[in-house]
Each structure stands twice: as structure tokens, then as C-alpha cells.
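Student: Shown below is the structure under consideration.
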Amino acid sequence: MFVPALLILLVGLIIYYVRRSHTYWRRHGVTEIYPIHPIFGNARETFLCNESIYEFFLRIYSIFKAKRVRYGGIYTFTARALVIIDPELIKDIMQTSFDHFEDRAGYINEEREPLTAHLVNLKGAKWKSMRHRLTPTFTSGKMKMMFQTFVYCISGLKGMIEGYARNKESVDIKDVLARFTTDIIGNCAFGIECNSMKDPSSEFRVYGKKVFDRNFWQNAKITMTRFVPKSVINALGIYVTNQEVAQFFTRMITSTIEYREKNNIARRDFLDMLLQLKNHGQLKNDDGVFEQTGVDGSLTLNQIAAQCFVFFLAGFETSSTAMTFALYELSRNQVVQDKLRQEINRVLRKHDGEITYEAVQEMTYLENVIYESMRKFPPVPAVPRTCTKTYRVPNSNVVIEKGKMVNIPIAGLHWDPDYFPDSEKFDPDRFTEEIKATRPHYAYLPFGGGPRNCIGLRFGMLQSKVGVATIIRNFRLTLNSKTEHPLRYETGSFITSVKGDVWLDVERV
Ligand code: HEM
């Protein structure tokens, strides 16, 4: 009698707790979204991999926008988050009141999974110190220093597409570009020739693909880290990082470091800069002289491995997906493609026909083409912030407590006709200085915003520009009918990516 009564009481308490959690926003006068699933909250379709995160945030944003609210409440399981719609409020959260929203929600387990302690996940003082040390590795001077590696990879890219053009075969551009950025990041972050353009089954490409393999079980593990204490996760023997991938990266980074240190090898890449920080706590400036970073303490081997890992994680798929969408749009918009080719040729004539760092900086239309494709298809469709200090939403009674989340729905903002009229249209001229000045700054956020924005922005833009310029300069692109229309998007991945292949026909110009 006692046990069944206890069970009934327990079930009753759970139902009460879930109900109570799922009425939080309503009770606090905040608009929320129905239906609220008793288990998944609003996240059922994304959790079950039926809807991409990109489509989820487009949908959520348009519901709140239609209700004319500045923010709205959603639930992921029983956890609540505020989705911010108003760009002024977004600016306050990301920039002005940054000290209230310093963290994301990433899971870190330094002892068992050292690769999780990377810049994207780090929190509080540890994040600040690491960001401070890594920022000088991404200056325009350092990008210029690494440009030679980009040029090296350009010839591989051009050669590969040349082959398809010669044989009159269509190209799976998504795959080609993923191999291109894998090689660039592999070279720049680890100083390793990954050869994935020559060999699609190279280890780097294989593990690079595995990093982004997300399925129901992977989602379940990540969700669990939000609700279950770390000691329980450890006791259950759960790892969030794919262990095969983690072992590959750790082995590769450790052996490269050992080799470099033993043979006193210096290279012009990120790893070299991280080793300078490890051994000297300082970084060489553009004249090769060590400079104070203002942060004490050098980097450990584990810290270096984690940062290299995140450069790979955050650096290759974001840029390759940005380029894939840009080329997809260019293949459907011949007028824009011709205009872009004219700019590329005009600028290159001034630079002896060479794609140099300076030449790429002069290609403003190219920049606008990439901005516009990231407008329609932001590689990162939303960014989270965790409240680190209780915050009252200005001009309201709503209080966000420490530990609670807000989401910035980048994809939704980018498709809002108030900021981007006729939003379906691919129009790079939306990014001329005059037109940019007519919309709120925080309505366009492909690289996030505030002190926690993308540290690799310059690198990402540079490799995307170099890739698109190389292809458009040499080839005319048209969309092959094998490409599914309308596009569908990968579910399970937190990056906006086309489901299946993107087939283009290529012809030498
Ligand atoms: C087109 C390419 C890229 C896009 C669209 C992109 C986008 C983003 C976005 C939206 C964020 C979150 C910002 C926020 O929360 O406000 C981010 C963070 C980050 N990105 Fe990128 N990214 C790109 C390329 C890169 C590259 C090439 C690297 C490194 C080599 C990189 C490294 C990072 C890191 C380490 C963070 C975390 C920064 C921090 O928390 O301090 N990204 N990126």
C-alpha cells in the first residue's frame, strides 16, 4: 500500500512540476508559443530531428513578430528561454549589458573531456582570459601572414573544378567546398596538409564529417548535460564529444606539437601562435618581437588542443556552408554573377592577375554577395546567452534570473521584411553603406554581436571570399536540375546546411 501511494505521489509531483514549469511565461505576462509538449516543451521537432534549427528559429520569430512583441517565451523540456525579437533589446543584451549575459550554455568537463574546454564553451573569468590571449591571433596582420596557405589551397580548388568542367560533369559544390575549407583550416590551425581535396577519404575529412554527426542520442546527451549534474554524467560514463573524433584530434595535435618542439620548427599558423603563448605567455608581433598580452600564465597542452579543436569545429563548416549558399544563389542569378565576375577581373588587373590579400580587400561587391547569402542562410541560425547576473528587461516587469537563457534568433531577423524588404530576393545591394544605414545594426548578425561575437570573423570572411572569387573568376555556374528545389535543411545540426547535395554545372569562362 505504501509503495503504490508513494509512486502516485511521485508521478503527481512530476506532473505538477512540469505543468508549473510550462506555465511560467504565461504567469509572468510573457507571450508564449503553443502547443507546449508535456515532455519536449516547444523543441519536440528539433529534438527528434524533424525540423532544422534554422527553420525552428524562422518559425518562432515569425510567430512572435506577428504578435508584435519585443520578446517571447519558449520551453525546451522544462527549461525556459526568452527569444528576443527587438534589435534594440538584442543590442542591450549582447553589448550594453554584456556583464549580465557573458556566457553561452556549452557543457565543459575539463577532466574527462579536455576538448570541451574551448573558447565557445568557456565561461566567466576563464573565457575572458582565453579570449584576451587568442584575440591577437586573429588580427588582420596575422590573416595576411597566413594568406599564403590560402593561395596554396586555391590551386587545388581550381584544379578540382577544372576537371569537372573539362569532362562536362556537374559538381557537388557542397562537398568540394567542405574539402577546400577542411584543407585551409587544417593547414592554418594545425599546419597539416590534410589533402582532403585530393583524397575525399583523408582522415581529416572523415573526422571533420563525424564532428557534426548529430542524431537523437547525441541530442539526448547534450540535453542531459543541461539537467543532470556532472557527477551523474561521469558515473553513467557518458561522453558528449565523439570519442573517436576526440582521440584523433588529441593524437594529431600532440604529435604535431612534439615534432615541432623537438625539431625547432616555426610555421606561419595558429598552432605556432598557440605554442608561443604556451612557451612564453606572449605572442610575437608583426615584426617578430614578443609582446605583452596583459594576461598572466601560459597555455597548457590541453588548452591548446581544445582551442585547435574549436578552430576546426567553428571554422570549416561555417565557411563552407556560407560559400555553398553563395554559389547556389549566384548560379540562379546570372546578372549578379556577371557583375561579380566583372569586379573580380577589374580588381585583379590592378594586381597582376594574382589573388592577393590586398586584392580581396578591394572586392566590395564580393563582400556584399557573401553578406547577402549569409543574410538568407546564416550559417549559425541563432545564438544563446546565459544570464550571469539578474536582469530586468528595460520598460517591463520581466526579470531574467541568473542561470536562465535567452536566444537571439538570427535567421528570423534576417528574413524580417521590416529590415529586408522582399526578403526572398537575393540582392547584394542591400549591403551598400547607404542601405545598411537605414536598418538597425542588430538586425543583421551572421557573426553574432558584442564582446562574445565570432573571433574568427576575419578568417571566415577571407576564406569565403577567396573561394568564391577563385571559382567565379574561372567558371560560369548554372544550377543543375539534380539539386532539390526548394532546398531542405539538415536537421540535428546547429549549423544551417543543405540536406543532400548541391549540384552545379560549370563551364570555363
Ligand atoms: C563564415 C564563417 C563563420 C560564421 C558565419 C561564424 C559565426 C559565428 C557566430 C554566430 C558565433 C557566435 C557569436 C555570438 O555568440 O555572438 C561564432 C563564435 C565563434 N566563432 Fe565563428 N563563424 C565563422 C567562422 C569562424 C572561424 C573561421 C573561426 C576560427 C578559425 C571561428 C571561431 C569562432 C569561435 C572560437 C567562436 C566563439 C567566440 C567566443 O565565445 O568568444 N568562427 N561564430
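Convention: chains lettered A, B, ... in C-alpha cells order; per-chain residue numbering from 1; ligands numbered from 1 as shown.
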Please find the residues contacting ligand 1 at a distance of at most 6 Å between atoms, with only C-alpha atoms and all ligand atoms counted, and report them as a tab-separated table (two decimals) with all heavy atoms, in the first residue's frame.
Tutor:
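See result13.tsv below for the written result:
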```
chain	number	residue	atom	x	y	z
A	119	LEU	N	37.03	27.88	-26.44
A	119	LEU	CA	36.52	29.25	-26.32
A	119	LEU	C	34.99	29.36	-26.44
A	119	LEU	O	34.38	30.16	-25.73
A	119	LEU	CB	37.19	30.13	-27.39
A	119	LEU	CG	37.04	31.63	-27.18
A	119	LEU	CD1	37.78	32.07	-25.92
A	119	LEU	CD2	37.57	32.41	-28.37
A	120	VAL	N	34.39	28.56	-27.30
A	120	VAL	CA	32.93	28.66	-27.46
A	120	VAL	C	32.23	28.30	-26.15
A	120	VAL	O	31.24	28.91	-25.77
A	120	VAL	CB	32.44	27.74	-28.61
A	120	VAL	CG1	30.92	27.70	-28.66
A	120	VAL	CG2	33.00	28.21	-29.95
A	131	ARG	N	39.95	34.51	-24.26
A	131	ARG	CA	39.59	35.40	-25.38
A	131	ARG	C	40.67	36.48	-25.55
A	131	ARG	O	41.07	36.80	-26.65
A	131	ARG	CB	38.21	36.02	-25.12
A	131	ARG	CG	37.76	37.07	-26.10
A	131	ARG	CD	36.91	36.49	-27.21
A	131	ARG	NE	36.64	37.47	-28.24
A	131	ARG	CZ	35.73	37.35	-29.17
A	131	ARG	NH1	34.99	36.28	-29.25
A	131	ARG	NH2	35.57	38.28	-30.08
A	310	VAL	N	38.45	23.75	-31.54
A	310	VAL	CA	37.32	24.65	-31.83
A	310	VAL	C	37.56	25.45	-33.10
A	310	VAL	O	36.62	25.78	-33.81
A	310	VAL	CB	36.97	25.56	-30.64
A	310	VAL	CG1	37.84	26.77	-30.55
A	310	VAL	CG2	35.51	25.97	-30.70
A	311	PHE	N	38.82	25.74	-33.42
A	311	PHE	CA	39.06	26.43	-34.69
A	311	PHE	C	38.56	25.54	-35.82
A	311	PHE	O	37.96	26.01	-36.79
A	311	PHE	CB	40.55	26.71	-34.90
A	311	PHE	CG	41.11	27.75	-33.99
A	311	PHE	CD1	42.48	27.96	-33.90
A	311	PHE	CD2	40.29	28.54	-33.20
A	311	PHE	CE1	43.00	28.92	-33.04
A	311	PHE	CE2	40.80	29.49	-32.35
A	311	PHE	CZ	42.16	29.68	-32.26
A	314	ALA	N	34.56	25.32	-35.43
A	314	ALA	CA	33.82	26.55	-35.75
A	314	ALA	C	34.24	27.11	-37.10
A	314	ALA	O	33.55	27.95	-37.65
A	314	ALA	CB	34.08	27.60	-34.66
A	315	GLY	N	35.38	26.65	-37.61
A	315	GLY	CA	35.95	27.33	-38.77
A	315	GLY	C	35.64	26.72	-40.11
A	315	GLY	O	35.56	27.43	-41.10
A	318	THR	N	31.18	26.35	-41.05
A	318	THR	CA	30.52	27.65	-41.16
A	318	THR	C	30.87	28.32	-42.50
A	318	THR	O	29.99	28.79	-43.22
A	318	THR	CB	30.97	28.60	-40.03
A	318	THR	OG1	32.37	28.48	-39.88
A	318	THR	CG2	30.27	28.31	-38.74
A	319	SER	N	32.18	28.32	-42.83
A	319	SER	CA	32.59	29.00	-44.07
A	319	SER	C	32.19	28.20	-45.29
A	319	SER	O	31.79	28.78	-46.31
A	319	SER	CB	34.10	29.21	-44.09
A	319	SER	OG	34.49	29.96	-43.00
A	322	ALA	N	28.60	28.81	-45.91
A	322	ALA	CA	28.39	30.19	-46.41
A	322	ALA	C	28.70	30.25	-47.91
A	322	ALA	O	27.94	30.83	-48.69
A	322	ALA	CB	29.27	31.17	-45.64
A	379	PRO	N	24.91	30.87	-41.42
A	379	PRO	CA	25.46	29.57	-41.03
A	379	PRO	C	25.14	29.21	-39.58
A	379	PRO	O	24.92	28.05	-39.26
A	379	PRO	CB	26.97	29.76	-41.22
A	379	PRO	CG	27.08	30.80	-42.29
A	379	PRO	CD	25.93	31.73	-42.07
A	380	VAL	N	25.08	30.22	-38.70
A	380	VAL	CA	24.66	29.95	-37.31
A	380	VAL	C	23.30	30.64	-37.16
A	380	VAL	O	23.22	31.86	-37.11
A	380	VAL	CB	25.68	30.53	-36.31
A	380	VAL	CG1	25.26	30.24	-34.87
A	380	VAL	CG2	27.08	29.97	-36.58
A	383	VAL	N	21.90	32.42	-31.67
A	383	VAL	CA	22.93	32.27	-30.62
A	383	VAL	C	22.29	32.41	-29.24
A	383	VAL	O	21.39	33.23	-29.04
A	383	VAL	CB	24.11	33.25	-30.77
A	383	VAL	CG1	24.95	32.92	-31.98
A	383	VAL	CG2	23.68	34.69	-30.80
A	446	PRO	N	25.26	37.78	-38.66
A	446	PRO	CA	25.79	36.45	-39.04
A	446	PRO	C	26.95	36.01	-38.14
A	446	PRO	O	27.20	34.82	-38.01
A	446	PRO	CB	26.25	36.65	-40.48
A	446	PRO	CG	26.51	38.10	-40.61
A	446	PRO	CD	25.51	38.79	-39.71
A	447	PHE	N	27.66	36.97	-37.56
A	447	PHE	CA	28.78	36.62	-36.69
A	447	PHE	C	28.46	36.91	-35.22
A	447	PHE	O	29.36	37.04	-34.39
A	447	PHE	CB	30.04	37.38	-37.11
A	447	PHE	CG	30.55	36.96	-38.46
A	447	PHE	CD1	30.27	37.71	-39.60
A	447	PHE	CD2	31.29	35.80	-38.61
A	447	PHE	CE1	30.72	37.32	-40.86
A	447	PHE	CE2	31.76	35.40	-39.86
A	447	PHE	CZ	31.47	36.15	-40.98
A	448	GLY	N	27.19	37.02	-34.88
A	448	GLY	CA	26.79	37.34	-33.51
A	448	GLY	C	27.11	38.79	-33.22
A	448	GLY	O	27.28	39.61	-34.13
A	449	GLY	N	27.20	39.14	-31.92
A	449	GLY	CA	27.43	40.54	-31.59
A	449	GLY	C	28.00	40.71	-30.20
A	449	GLY	O	27.98	39.80	-29.37
A	452	ARG	N	31.26	38.91	-27.21
A	452	ARG	CA	31.35	37.47	-27.41
A	452	ARG	C	31.04	37.10	-28.86
A	452	ARG	O	30.60	35.97	-29.17
A	452	ARG	CB	30.39	36.78	-26.44
A	452	ARG	CG	30.68	35.34	-26.27
A	452	ARG	CD	30.88	34.79	-24.94
A	452	ARG	NE	31.62	33.53	-25.07
A	452	ARG	CZ	31.78	32.65	-24.13
A	452	ARG	NH1	31.29	32.86	-22.95
A	452	ARG	NH2	32.48	31.55	-24.35
A	453	ASN	N	31.26	38.03	-29.77
A	453	ASN	CA	30.98	37.73	-31.18
A	453	ASN	C	32.01	36.75	-31.72
A	453	ASN	O	32.91	36.31	-30.99
A	453	ASN	CB	30.94	39.03	-32.00
A	453	ASN	CG	32.33	39.60	-32.20
A	453	ASN	OD1	33.28	39.21	-31.53
A	453	ASN	ND2	32.46	40.54	-33.10
A	454	CYS	N	31.91	36.45	-33.02
A	454	CYS	CA	32.81	35.45	-33.61
A	454	CYS	C	34.24	35.98	-33.67
A	454	CYS	O	34.50	36.98	-34.32
A	454	CYS	CB	32.33	35.10	-35.02
A	454	CYS	SG	33.46	34.00	-35.87
A	455	ILE	N	35.15	35.25	-33.04
A	455	ILE	CA	36.55	35.70	-33.04
A	455	ILE	C	37.19	35.44	-34.41
A	455	ILE	O	38.15	36.08	-34.80
A	455	ILE	CB	37.33	34.96	-31.91
A	455	ILE	CG1	38.63	35.68	-31.59
A	455	ILE	CG2	37.60	33.52	-32.24
A	455	ILE	CD1	39.35	35.15	-30.35
A	456	GLY	N	36.60	34.50	-35.17
A	456	GLY	CA	37.18	34.12	-36.46
A	456	GLY	C	36.55	34.82	-37.65
A	456	GLY	O	36.71	34.39	-38.78
A	457	LEU	N	35.84	35.94	-37.37
A	457	LEU	CA	35.12	36.67	-38.43
A	457	LEU	C	36.03	36.98	-39.64
A	457	LEU	O	35.67	36.65	-40.77
A	457	LEU	CB	34.59	37.96	-37.81
A	457	LEU	CG	33.72	38.92	-38.57
A	457	LEU	CD1	32.94	39.76	-37.57
A	457	LEU	CD2	34.46	39.84	-39.50
A	459	PHE	N	38.87	35.64	-40.53
A	459	PHE	CA	39.32	34.40	-41.16
A	459	PHE	C	38.19	33.81	-42.01
A	459	PHE	O	38.39	33.40	-43.16
A	459	PHE	CB	39.76	33.42	-40.08
A	459	PHE	CG	40.50	32.22	-40.60
A	459	PHE	CD1	41.87	32.19	-40.59
A	459	PHE	CD2	39.81	31.13	-41.10
A	459	PHE	CE1	42.56	31.09	-41.08
A	459	PHE	CE2	40.48	30.03	-41.59
A	459	PHE	CZ	41.86	30.00	-41.57
A	460	GLY	N	36.99	33.76	-41.43
A	460	GLY	CA	35.84	33.18	-42.14
A	460	GLY	C	35.52	33.95	-43.40
A	460	GLY	O	35.27	33.36	-44.46
A	461	MET	N	35.50	35.29	-43.29
A	461	MET	CA	35.20	36.12	-44.46
A	461	MET	C	36.28	35.93	-45.52
A	461	MET	O	35.98	35.79	-46.71
A	461	MET	CB	35.09	37.60	-44.09
A	461	MET	CG	33.79	38.01	-43.47
A	461	MET	SD	32.33	37.60	-44.46
A	461	MET	CE	32.40	38.79	-45.80
```
Student: If we count only C-alpha atoms, what is near Thr96 of chain A at a cut-off of 10 Å, once residues fewer than 6 positions away on the same chain are taken out, given as a list of chain:residue names?
Tutor: A:Leu89, A:Ile90, A:Gly450, A:Pro451
Student: Could you give me, as a VMD selection string, the residues within 7 Å of Gly412 of chain A, counting only C-alpha atoms and dropping anything in the same chain fewer than 4 positions from it?
Tutor: chain A and resid 57 to 58 61 to 62 416
Student: Can I get the selection written as a PDB file, in the first residue's frame, with C-alpha atoms?
Tutor:
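Okay, this is what ended up in part.pdb:
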```
ATOM      1  CA  PHE A  57      14.030  29.957 -35.370  1.00  0.00           C
ATOM      2  CA  LEU A  58      12.405  31.280 -38.573  1.00  0.00           C
ATOM      3  CA  TYR A  61      10.472  34.520 -34.804  1.00  0.00           C
ATOM      4  CA  SER A  62       7.576  34.954 -37.230  1.00  0.00           C
ATOM      5  CA  ASP A 416      12.132  40.132 -41.455  1.00  0.00           C
TER       6      ASP A 416
END
```
Student: Leaving out Phe190 of chain A and any residue of its chain fewer than 6 positions from it, which residues lie within 8 Å of it when counting only C-alpha atoms, given as a list in words?
Tutor: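 Result of the neighbour search: Ile253, Thr256, Asp269, Phe270, Leu271 and Cys308 of chain A.
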Student: Keeping only C-alpha atoms, write the selected residues as a PDB file, in the first residue's frame.
Tutor:
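Just written: again_13.pdb:
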```pdb
ATOM      1  CA  ILE A 253      47.735  17.850 -32.102  1.00  0.00           C
ATOM      2  CA  THR A 256      52.450  17.768 -34.198  1.00  0.00           C
ATOM      3  CA  ASP A 269      49.899  29.275 -38.487  1.00  0.00           C
ATOM      4  CA  PHE A 270      47.615  29.304 -35.432  1.00  0.00           C
ATOM      5  CA  LEU A 271      49.385  26.403 -33.785  1.00  0.00           C
ATOM      6  CA  CYS A 308      42.751  23.966 -32.082  1.00  0.00           C
TER       7      CYS A 308
END
```
Student: If you measure from atom CA of Ile233 of chain A to atom CA of Pro114 of chain A, what distance in Å do you get, rounded to one decimal?
Tutor: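 Separation between atom CA of Ile233 of chain A and atom CA of Pro114 of chain A: 15.2 Å.
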Student: By how many Å are atom CA of Val171 of chain A and atom CA of Met363 of chain A apart?
Tutor: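 Atom CA of Val171 of chain A sits 25.6 Å away from atom CA of Met363 of chain A.
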Student: With DSSP run on the backbone, what are the helix (DSSP H, G or I) residues within segment 345-502 of chain A? I'd like them as number ranges by chain.
Tutor: A: 345-350, 357-362, 364-376, 410-414, 428-431, 433-436, 441-443, 450-452, 457-474
Student: For Phe420 of chain A, which residue among A:Leu479, A:Ile435, A:Val498, A:Ile408 is the nearest when counting only C-alpha atoms?
Tutor: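 The answer is A:Ile435, which sits nearest to Phe420 of chain A.
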Student: Do you have the atom CA of Arg476 of chain A-atom CA of Trp503 of chain A distance handy?
Tutor: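 Taking atom CA of Arg476 of chain A as the start and atom CA of Trp503 of chain A as the end point, the length is 13.5 Å.
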Student: Write out as a ChimeraX atom specification the set of residues from segment 109-315 of chain A that DSSP, computed on the backbone, places in strand (DSSP E).
Tutor: /A:171-172,283-284,290-291
Student: Just the selected residues (N, CA and C atoms), exported as a compact mmCIF listing (two decimals), in the first residue's frame, please.
Tutor:
```
# COMPACT_ATOMS: atom_id res chain seq x y z
N VAL A 171 29.01 19.36 -60.60
CA VAL A 171 29.83 19.32 -59.38
C VAL A 171 28.93 19.33 -58.16
N ASP A 172 29.23 18.48 -57.18
CA ASP A 172 28.57 18.58 -55.88
C ASP A 172 29.35 19.65 -55.10
N LEU A 283 52.92 36.71 -27.38
CA LEU A 283 52.81 36.46 -28.82
C LEU A 283 53.74 37.41 -29.56
N LYS A 284 54.36 36.91 -30.64
CA LYS A 284 55.21 37.80 -31.44
C LYS A 284 54.33 38.78 -32.22
N PHE A 290 58.30 39.60 -29.29
CA PHE A 290 57.27 39.19 -28.33
C PHE A 290 56.63 40.42 -27.68
N GLU A 291 55.29 40.35 -27.53
CA GLU A 291 54.56 41.48 -26.95
C GLU A 291 53.78 41.02 -25.74
```
Student: Near Glu343 of chain A, within 12 Å and counting only C-alpha atoms, which residues show up once chain neighbours fewer than 2 positions away are dropped, as a PyMOL selection string?
Tutor: chain A and resi 336-341+345-350+359-360+362-369+469+472-473
Student: Here is a test: counting only C-alpha atoms, which residue of A:Met197, A:Ile410, A:Ile84, A:Ile60 is nearest to Thr182 of chain A?
Tutor: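 Among A:Met197, A:Ile410, A:Ile84, A:Ile60, it is A:Met197 that comes nearest to Thr182 of chain A.
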Student: With only C-alpha atoms as the basis for distance, which of A:Asn395, A:Ser140, A:Thr388, A:Asn302 is at the shortest distance from Ala125 of chain A?
Tutor: A:Thr388
Student: Which is closer to Lys123 of chain A than all the others in A:Gly41, A:Gly191, A:Gly106, A:Pro136, using only C-alpha atoms?
Tutor: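 That would be A:Gly106, the residue with the smallest distance to Lys123 of chain A.
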Student: With only C-alpha atoms as the atoms that count, which of A:Phe494, A:Phe180, A:Phe40, A:Tyr107 lies nearest to Gly156 of chain A?
Tutor: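 The answer is A:Phe180, which sits nearest to Gly156 of chain A.
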